[in-house]
$ cat model_29.csv   # CSV, C-alpha atoms and all ligand atoms
chain,number,residue,atom,x,y,z
A,741,MET,CA,0.0,0.0,0.0
A,742,SER,CA,1.7,3.1,-1.2
A,743,GLU,CA,1.7,6.6,0.4
A,744,ALA,CA,-0.8,9.0,-1.0
A,745,LYS,CA,0.7,11.4,-3.6
A,746,ILE,CA,-0.8,14.8,-2.8
A,747,THR,CA,-0.6,17.7,-5.3
A,748,VAL,CA,-1.8,21.1,-4.3
A,749,LEU,CA,-2.5,23.7,-7.0
A,750,ASP,CA,-3.4,27.4,-6.8
A,751,ASP,CA,-7.0,27.3,-7.8
A,752,PRO,CA,-9.8,25.0,-9.0
A,753,GLN,CA,-9.2,25.5,-12.7
A,754,SER,CA,-5.6,24.6,-12.3
A,755,VAL,CA,-6.7,21.4,-10.5
A,756,TYR,CA,-9.1,20.5,-13.3
A,757,VAL,CA,-6.4,21.1,-16.0
A,758,HIS,CA,-3.8,19.1,-14.0
A,759,ALA,CA,-6.4,16.2,-13.6
A,760,ALA,CA,-7.1,16.1,-17.3
A,761,GLU,CA,-3.3,16.1,-18.0
A,762,GLU,CA,-2.8,13.2,-15.6
A,763,ILE,CA,-5.7,11.2,-17.1
A,764,ALA,CA,-4.3,11.7,-20.6
A,765,HIS,CA,-0.9,10.6,-19.3
A,766,PHE,CA,-2.4,7.5,-17.6
A,767,ALA,CA,-4.3,6.6,-20.7
A,768,GLY,CA,-1.2,6.9,-22.9
A,769,GLU,CA,0.8,4.7,-20.4
A,770,ASP,CA,-1.9,2.0,-20.2
A,771,ILE,CA,-2.7,2.0,-23.9
A,772,CYS,CA,1.0,1.6,-24.6
A,773,ILE,CA,1.5,-1.2,-22.0
A,774,HIS,CA,-2.0,-2.9,-21.9
A,775,ALA,CA,-3.4,-1.8,-25.3
A,776,GLU,CA,-6.4,-0.2,-23.4
A,777,PHE,CA,-7.3,2.2,-20.6
A,778,THR,CA,-10.1,1.4,-18.3
A,779,ILE,CA,-11.6,4.3,-16.3
A,780,ALA,CA,-14.3,4.3,-13.7
A,781,LEU,CA,-15.9,7.7,-13.7
A,782,SER,CA,-17.3,9.5,-10.7
A,783,GLY,CA,-20.3,11.8,-10.4
A,784,GLY,CA,-20.2,15.3,-9.0
A,785,ASN,CA,-19.5,18.8,-10.1
A,786,THR,CA,-15.7,18.5,-9.6
A,787,PRO,CA,-15.2,15.5,-11.8
A,788,ALA,CA,-17.6,17.1,-14.3
A,789,ALA,CA,-15.2,20.0,-14.8
A,790,VAL,CA,-12.4,17.6,-15.7
A,791,TYR,CA,-14.6,15.7,-18.1
A,792,GLU,CA,-15.4,19.0,-19.9
A,793,LEU,CA,-11.7,19.6,-20.4
A,794,LEU,CA,-11.1,16.0,-21.6
A,795,GLY,CA,-13.9,16.4,-24.2
A,796,THR,CA,-12.6,19.7,-25.5
A,797,ARG,CA,-9.0,21.0,-24.8
A,798,PHE,CA,-7.6,17.4,-24.3
A,799,LYS,CA,-9.8,15.7,-26.9
A,800,LEU,CA,-6.8,15.0,-29.1
A,801,SER,CA,-4.5,14.0,-26.2
A,802,VAL,CA,-6.1,10.6,-25.8
A,803,ASP,CA,-6.6,7.6,-28.2
A,804,TRP,CA,-10.2,7.4,-27.1
A,805,LYS,CA,-10.9,4.3,-29.2
A,806,GLU,CA,-8.8,2.3,-26.8
A,807,VAL,CA,-10.6,3.6,-23.7
A,808,ARG,CA,-13.4,1.8,-21.9
A,809,PHE,CA,-15.7,3.8,-19.6
A,810,PHE,CA,-17.3,2.5,-16.4
A,811,TRP,CA,-18.9,4.2,-13.4
A,812,GLY,CA,-17.9,3.9,-9.8
A,813,ASP,CA,-21.4,4.7,-8.7
A,814,GLU,CA,-24.7,5.7,-10.1
A,815,ARG,CA,-27.9,7.2,-8.9
A,816,CYS,CA,-31.0,5.0,-9.3
A,817,VAL,CA,-32.6,7.2,-12.0
A,818,ALA,CA,-33.1,7.0,-15.7
A,819,PRO,CA,-30.0,7.4,-17.9
A,820,ASP,CA,-31.4,10.7,-19.2
A,821,ASP,CA,-32.2,12.1,-15.8
A,822,LYS,CA,-30.3,15.3,-14.9
A,823,LEU,CA,-29.2,13.5,-11.7
A,824,SER,CA,-27.7,10.6,-13.5
A,825,ASN,CA,-23.9,10.3,-13.4
A,826,TYR,CA,-24.0,8.7,-16.9
A,827,ALA,CA,-26.1,11.6,-18.2
A,828,MET,CA,-23.5,14.0,-16.8
A,829,ALA,CA,-20.6,12.2,-18.3
A,830,LYS,CA,-22.4,11.9,-21.6
A,831,ARG,CA,-23.1,15.7,-21.6
A,832,THR,CA,-19.6,16.7,-20.6
A,833,LEU,CA,-17.4,14.1,-22.3
A,834,LEU,CA,-18.9,11.1,-24.1
A,835,SER,CA,-21.0,13.1,-26.5
A,836,HIS,CA,-17.9,14.9,-27.7
A,837,LEU,CA,-16.2,11.6,-28.7
A,838,THR,CA,-16.7,8.9,-31.3
A,839,LEU,CA,-17.1,5.7,-29.4
A,840,ARG,CA,-18.3,2.2,-30.1
A,841,ASN,CA,-21.1,0.9,-28.0
A,842,ASP,CA,-18.8,-1.7,-26.4
A,843,GLN,CA,-16.7,1.1,-24.9
A,844,VAL,CA,-19.3,2.4,-22.6
A,845,HIS,CA,-20.5,0.3,-19.6
A,846,ARG,CA,-23.0,2.3,-17.7
A,847,ILE,CA,-24.8,1.2,-14.5
A,848,GLN,CA,-28.5,0.7,-15.3
A,849,GLY,CA,-29.9,3.1,-12.8
A,850,GLU,CA,-33.4,2.7,-14.3
A,851,LEU,CA,-33.5,-0.9,-12.8
A,852,PRO,CA,-34.5,-1.7,-9.2
A,853,PRO,CA,-31.3,-1.1,-7.1
A,854,GLU,CA,-30.5,-4.7,-6.3
A,855,GLU,CA,-31.0,-5.8,-9.9
A,856,ALA,CA,-28.9,-2.9,-11.1
A,857,ALA,CA,-26.1,-3.9,-8.7
A,858,ARG,CA,-26.2,-7.6,-9.7
A,859,SER,CA,-26.4,-6.7,-13.4
A,860,TYR,CA,-23.3,-4.4,-13.1
A,861,GLU,CA,-21.4,-7.1,-11.3
A,862,GLU,CA,-22.1,-9.4,-14.3
A,863,GLU,CA,-21.1,-6.6,-16.6
A,864,LEU,CA,-17.7,-6.2,-14.8
A,865,LYS,CA,-17.2,-10.0,-14.9
A,866,ARG,CA,-17.8,-10.1,-18.6
A,867,ALA,CA,-15.8,-6.9,-19.4
A,868,PHE,CA,-12.8,-8.0,-17.4
A,869,ASN,CA,-13.2,-11.7,-18.1
A,870,LEU,CA,-13.1,-12.3,-14.4
A,871,GLY,CA,-12.7,-15.8,-12.8
A,872,GLU,CA,-14.5,-16.8,-9.6
A,873,GLY,CA,-13.5,-14.4,-6.8
A,874,GLU,CA,-11.4,-12.1,-9.1
A,875,LEU,CA,-11.7,-8.3,-9.1
A,876,PRO,CA,-11.4,-5.9,-12.0
A,877,ARG,CA,-8.2,-3.9,-12.0
A,878,PHE,CA,-9.1,-0.4,-13.3
A,879,GLY,CA,-6.4,1.8,-14.8
A,880,LEU,CA,-8.0,4.7,-13.0
A,881,VAL,CA,-10.9,5.1,-10.5
A,882,MET,CA,-11.9,8.7,-10.3
A,883,LEU,CA,-13.2,9.9,-7.0
A,884,GLY,CA,-14.9,13.0,-5.7
A,885,LEU,CA,-15.1,13.8,-2.0
A,886,GLY,CA,-18.3,14.9,-0.3
A,887,GLU,CA,-18.3,17.4,2.6
A,888,ASN,CA,-19.7,14.6,4.7
A,889,ARG,CA,-16.5,12.6,3.8
A,890,HIS,CA,-18.2,10.2,1.4
A,891,THR,CA,-16.8,9.0,-1.9
A,892,LEU,CA,-18.4,7.0,-4.6
A,893,SER,CA,-21.7,6.4,-2.8
A,894,LEU,CA,-20.1,5.2,0.4
A,895,PHE,CA,-21.7,7.4,2.9
A,896,PRO,CA,-20.9,7.6,6.7
A,897,GLY,CA,-22.3,4.7,8.6
A,898,ASN,CA,-23.2,2.7,5.6
A,899,PRO,CA,-22.5,-1.0,5.8
A,900,ALA,CA,-21.2,-0.9,2.2
A,901,ILE,CA,-18.0,0.6,3.5
A,902,ASN,CA,-17.2,-2.8,5.0
A,903,GLU,CA,-18.5,-4.9,2.2
A,904,THR,CA,-15.8,-7.4,1.0
A,905,ASN,CA,-17.8,-10.1,-0.8
A,906,ARG,CA,-19.7,-8.2,-3.4
A,907,MET,CA,-18.2,-5.8,-6.1
A,908,VAL,CA,-21.3,-3.6,-6.5
A,909,VAL,CA,-24.1,-3.0,-4.0
A,910,PRO,CA,-27.2,-0.9,-3.7
A,911,VAL,CA,-27.2,1.7,-1.0
A,912,ASP,CA,-29.8,4.1,0.6
A,913,VAL,CA,-28.0,7.4,1.4
A,914,ASP,CA,-28.8,10.7,3.0
A,915,ALA,CA,-28.7,12.6,-0.3
A,916,THR,CA,-30.9,13.2,-3.3
A,917,PRO,CA,-31.6,10.7,-4.7
A,918,ARG,CA,-31.4,8.3,-1.8
A,919,LYS,CA,-31.1,5.1,-3.8
A,920,ARG,CA,-27.8,4.5,-5.5
A,921,VAL,CA,-25.5,1.7,-6.7
A,922,THR,CA,-21.8,1.8,-5.8
A,923,PHE,CA,-18.5,0.0,-6.1
A,924,THR,CA,-17.5,-1.6,-2.9
A,925,PRO,CA,-14.0,-0.8,-1.5
A,926,PRO,CA,-12.3,-4.0,-2.8
A,927,VAL,CA,-13.0,-2.9,-6.4
A,928,ALA,CA,-11.6,0.6,-5.9
A,929,ASN,CA,-8.7,-0.8,-3.9
A,930,ASN,CA,-7.7,-3.1,-6.7
A,931,ALA,CA,-7.2,-0.3,-9.1
A,932,ALA,CA,-3.8,0.7,-10.5
A,933,ARG,CA,-4.7,4.3,-9.6
A,934,ALA,CA,-7.4,5.9,-7.4
A,935,MET,CA,-7.5,9.7,-7.9
A,936,PHE,CA,-9.4,12.1,-5.6
A,937,ILE,CA,-10.1,15.6,-6.8
A,938,ALA,CA,-11.4,18.2,-4.4
A,939,THR,CA,-11.4,21.9,-4.5
A,940,GLY,CA,-12.7,24.8,-2.4
A,941,LYS,CA,-12.9,25.8,1.3
A,942,ALA,CA,-16.0,23.7,1.9
A,943,LYS,CA,-14.0,20.5,1.4
A,944,ALA,CA,-11.0,21.5,3.6
A,945,GLU,CA,-12.3,19.8,6.8
A,946,ALA,CA,-13.2,16.6,4.9
A,947,VAL,CA,-9.8,16.6,3.2
A,948,ARG,CA,-8.0,17.0,6.5
A,949,ASP,CA,-10.1,14.2,8.2
A,950,ILE,CA,-9.5,11.8,5.3
A,951,ILE,CA,-5.8,12.4,5.0
A,952,GLU,CA,-4.8,13.3,8.5
A,953,GLY,CA,-7.7,12.4,10.7
A,954,PRO,CA,-8.0,9.4,13.1
A,955,ARG,CA,-8.7,6.2,11.1
A,956,ASP,CA,-12.4,5.8,11.2
A,957,PRO,CA,-13.8,4.8,7.8
A,958,SER,CA,-17.4,4.5,9.1
A,959,ARG,CA,-17.3,8.2,10.0
A,960,PHE,CA,-14.8,9.1,7.2
A,961,PRO,CA,-15.7,6.7,4.3
A,962,ALA,CA,-13.2,8.0,1.8
A,963,GLN,CA,-10.4,6.7,4.1
A,964,ILE,CA,-11.4,3.2,3.0
A,965,ILE,CA,-9.8,3.9,-0.4
A,966,GLN,CA,-6.3,2.5,-0.1
A,967,PRO,CA,-5.2,0.7,-3.3
A,968,SER,CA,-3.3,-2.4,-2.2
A,969,ASP,CA,-1.1,-2.4,-5.3
A,970,GLY,CA,-1.8,1.0,-6.9
A,971,GLU,CA,-1.3,4.7,-6.6
A,972,LEU,CA,-3.5,6.9,-4.3
A,973,ILE,CA,-3.5,10.4,-5.8
A,974,TRP,CA,-5.0,13.6,-4.3
A,975,LEU,CA,-5.4,16.6,-6.5
A,976,LEU,CA,-6.4,19.7,-4.4
A,977,ASP,CA,-6.5,23.4,-4.7
A,978,LYS,CA,-5.0,25.6,-1.9
A,979,GLU,CA,-8.4,26.1,-0.3
A,980,ALA,CA,-9.2,22.4,0.0
A,981,ALA,CA,-5.7,21.7,1.3
A,982,SER,CA,-5.7,24.6,3.7
A,983,LEU,CA,-6.2,22.6,6.9
A,984,LEU,CA,-3.5,20.0,6.1
A,985,SER,CA,-0.7,20.2,8.6
A,986,ASN,CA,2.3,20.2,6.3
A,987,ARG,CA,1.1,21.9,3.1
B,1001,LIG,C1,-21.9,11.3,-6.8
B,1001,LIG,C2,-20.4,11.1,-6.7
B,1001,LIG,C3,-19.9,11.7,-5.4
B,1001,LIG,C4,-19.2,13.0,-5.7
B,1001,LIG,C5,-18.9,13.8,-4.4
B,1001,LIG,C6,-18.3,15.1,-4.8
B,1001,LIG,O1,-22.5,10.4,-7.4
B,1001,LIG,O2,-22.3,12.4,-6.4
B,1001,LIG,O3,-20.0,9.9,-6.9
B,1001,LIG,O4,-19.1,10.8,-4.7
B,1001,LIG,O5,-18.0,12.8,-6.4
B,1001,LIG,O6,-20.1,14.0,-3.7
B,1001,LIG,O7,-19.2,15.9,-5.5
B,1001,LIG,P1,-18.9,17.4,-5.9
B,1001,LIG,O8,-17.6,17.4,-6.7
B,1001,LIG,O9,-20.0,17.9,-6.6
B,1001,LIG,O10,-18.7,18.1,-4.5

$ encode --input "model_29.csv" --output "structure tokens" --more "lines below"
Ligand code: 6PG
Amino acid sequence: MSEAKITVLDDPQSVYVHAAEEIAHFAGEDICIHAEFTIALSGGNTPAAVYELLGTRFKLSVDWKEVRFFWGDERCVAPDDKLSNYAMAKRTLLSHLTLRNDQVHRIQGELPPEEAARSYEEELKRAFNLGEGELPRFGLVMLGLGENRHTLSLFPGNPAINETNRMVVPVDVDATPRKRVTFTPPVANNAARAMFIATGKAKAEAVRDIIEGPRDPSRFPAQIIQPSDGELIWLLDKEAASLLSNR
């Protein structure tokens, strides 16, 4: 388990640009070594700003035909609902790219939550040709951070934080919409890279608690993300990093 690599930039836009640069770099590395790049997208406004850059300024920086898109979590809504993480990624990035259908593996939020979770587990098994008990190894799992210290849809006190048998589970969370489907920690922690992106003063206490707080994943769910054989990356602006002790 490697130490977190923390990068602090002056302002949110610099964070978004740096994140897009990093993703383009990761994609180039993985396409060169593995002939493909697998990315699990996150929802949220912060990731959305990065997707917008990837679909415009960085569009020519990635060999998109070798990228496969997945989601780390999804709200249990229709794929064209404004609350859908898929709809957000489609609006900000996917619609700007020429992709084959087999490159996009969305979580079917329109299904009943348990069925959506089971179906996505089967999708992961097929997409990564997983044997019994095997986990997918994503090139990158993108992660936002909620002010309540959640990431993916792992919210404080939710039993999904400690799930180790299933790859994808339905959850009922204290946010709108309540019903969601999320990766469990083993999937994120099997990634080659897990990258948090957080900006703004409102995230400073959450960032401090996750990075420097007492270990308490039930209270601070984002702490559970610790890739066992991969990089843990934090991209922060000065405001979000302002309460870290040695920044
Ligand atoms: C979601 C995301 C969630 C998000 C954080 C940060 O579905 O909402 O998976 O984990 O990334 O809440 O969101 P903001 O960047 O909008 O603060």

$ closest_residue --input "model_29.csv" --among "A:Arg920, A:Phe809, A:Lys745, A:Thr796" --to "A:Glu850" --atoms "only C-alpha atoms"
A:Arg920

$ residues_near_ligand --input "model_29.csv" --ligand "ligand LIG 1001 (chain B)" --cutoff "6 Å" --atoms "all atoms listed in the file" --output "ChimeraX atom specification"
/A:782-787,813-814,883-886,891-893

$ atom_distance --input "model_29.csv" --atom1 "atom CA of A:Phe766" --atom2 "atom CA of A:Leu749"
19.4 Å

$ atom_distance --input "model_29.csv" --atom1 "atom CA of A:Glu872" --atom2 "atom CA of A:Thr924"
16.9 Å

$ closest_residue --input "model_29.csv" --among "A:Ile901, A:Ala780, A:Leu875, A:Val807" --to "A:Leu839" --atoms "all atoms listed in the file"
A:Val807

$ closest_residue --input "model_29.csv" --among "A:Arg906, A:Lys805, A:Lys943, A:Arg959" --to "A:Gly768" --atoms "only C-alpha atoms"
A:Lys805

$ closest_residue --input "model_29.csv" --among "A:Pro917, A:Gly795, A:Pro896, A:Gly879" --to "A:Val817" --atoms "all atoms listed in the file"
A:Pro917

$ closest_residue --input "model_29.csv" --among "A:Arg918, A:His845, A:Lys830, A:Arg840" --to "A:Arg866" --atoms "only C-alpha atoms"
A:His845

$ atom_distance --input "model_29.csv" --atom1 "atom CA of A:Pro967" --atom2 "atom CA of A:Ala931"
6.2 Å

$ residues_around --input "model_29.csv" --residues "A:Glu979" --least-positions-apart "3" --cutoff "10 Å" --atoms "all atoms listed in the file" --output "PyMOL selection string"
chain A and resi 748-752+938-944+976+982-983

$ residues_around --input "model_29.csv" --residues "A:Ile771" --least-positions-apart "4" --cutoff "12 Å" --atoms "all atoms listed in the file" --output "PyMOL selection string"
chain A and resi 763-767+775-779+802-808+879

$ closest_residue --input "model_29.csv" --among "A:Ile746, A:Val881, A:Leu833, A:Ile847" --to "A:Asn930" --atoms "all atoms listed in the file"
A:Val881

$ residues_around --input "model_29.csv" --residues "A:Leu984" --least-positions-apart "2" --cutoff "10 Å" --atoms "only C-alpha atoms" --output "PyMOL selection string"
chain A and resi 944-945+947-949+951-953+978+980-982+986-987

$ residues_near_point --input "model_29.csv" --point "(-19.5, -0.4, -16.7)" --cutoff "7 Å" --atoms "only C-alpha atoms" --output "mmCIF file with C-alpha atoms, in the frame of the given file"
data_model
loop_
_atom_site.group_PDB
_atom_site.id
_atom_site.type_symbol
_atom_site.label_atom_id
_atom_site.label_comp_id
_atom_site.auth_asym_id
_atom_site.auth_seq_id
_atom_site.Cartn_x
_atom_site.Cartn_y
_atom_site.Cartn_z
ATOM 1 C CA PHE A 809 -15.700 3.800 -19.600
ATOM 2 C CA PHE A 810 -17.300 2.500 -16.400
ATOM 3 C CA TRP A 811 -18.900 4.200 -13.400
ATOM 4 C CA VAL A 844 -19.300 2.400 -22.600
ATOM 5 C CA HIS A 845 -20.500 0.300 -19.600
ATOM 6 C CA ARG A 846 -23.000 2.300 -17.700
ATOM 7 C CA ILE A 847 -24.800 1.200 -14.500
ATOM 8 C CA TYR A 860 -23.300 -4.400 -13.100
ATOM 9 C CA GLU A 863 -21.100 -6.600 -16.600
ATOM 10 C CA LEU A 864 -17.700 -6.200 -14.800
#
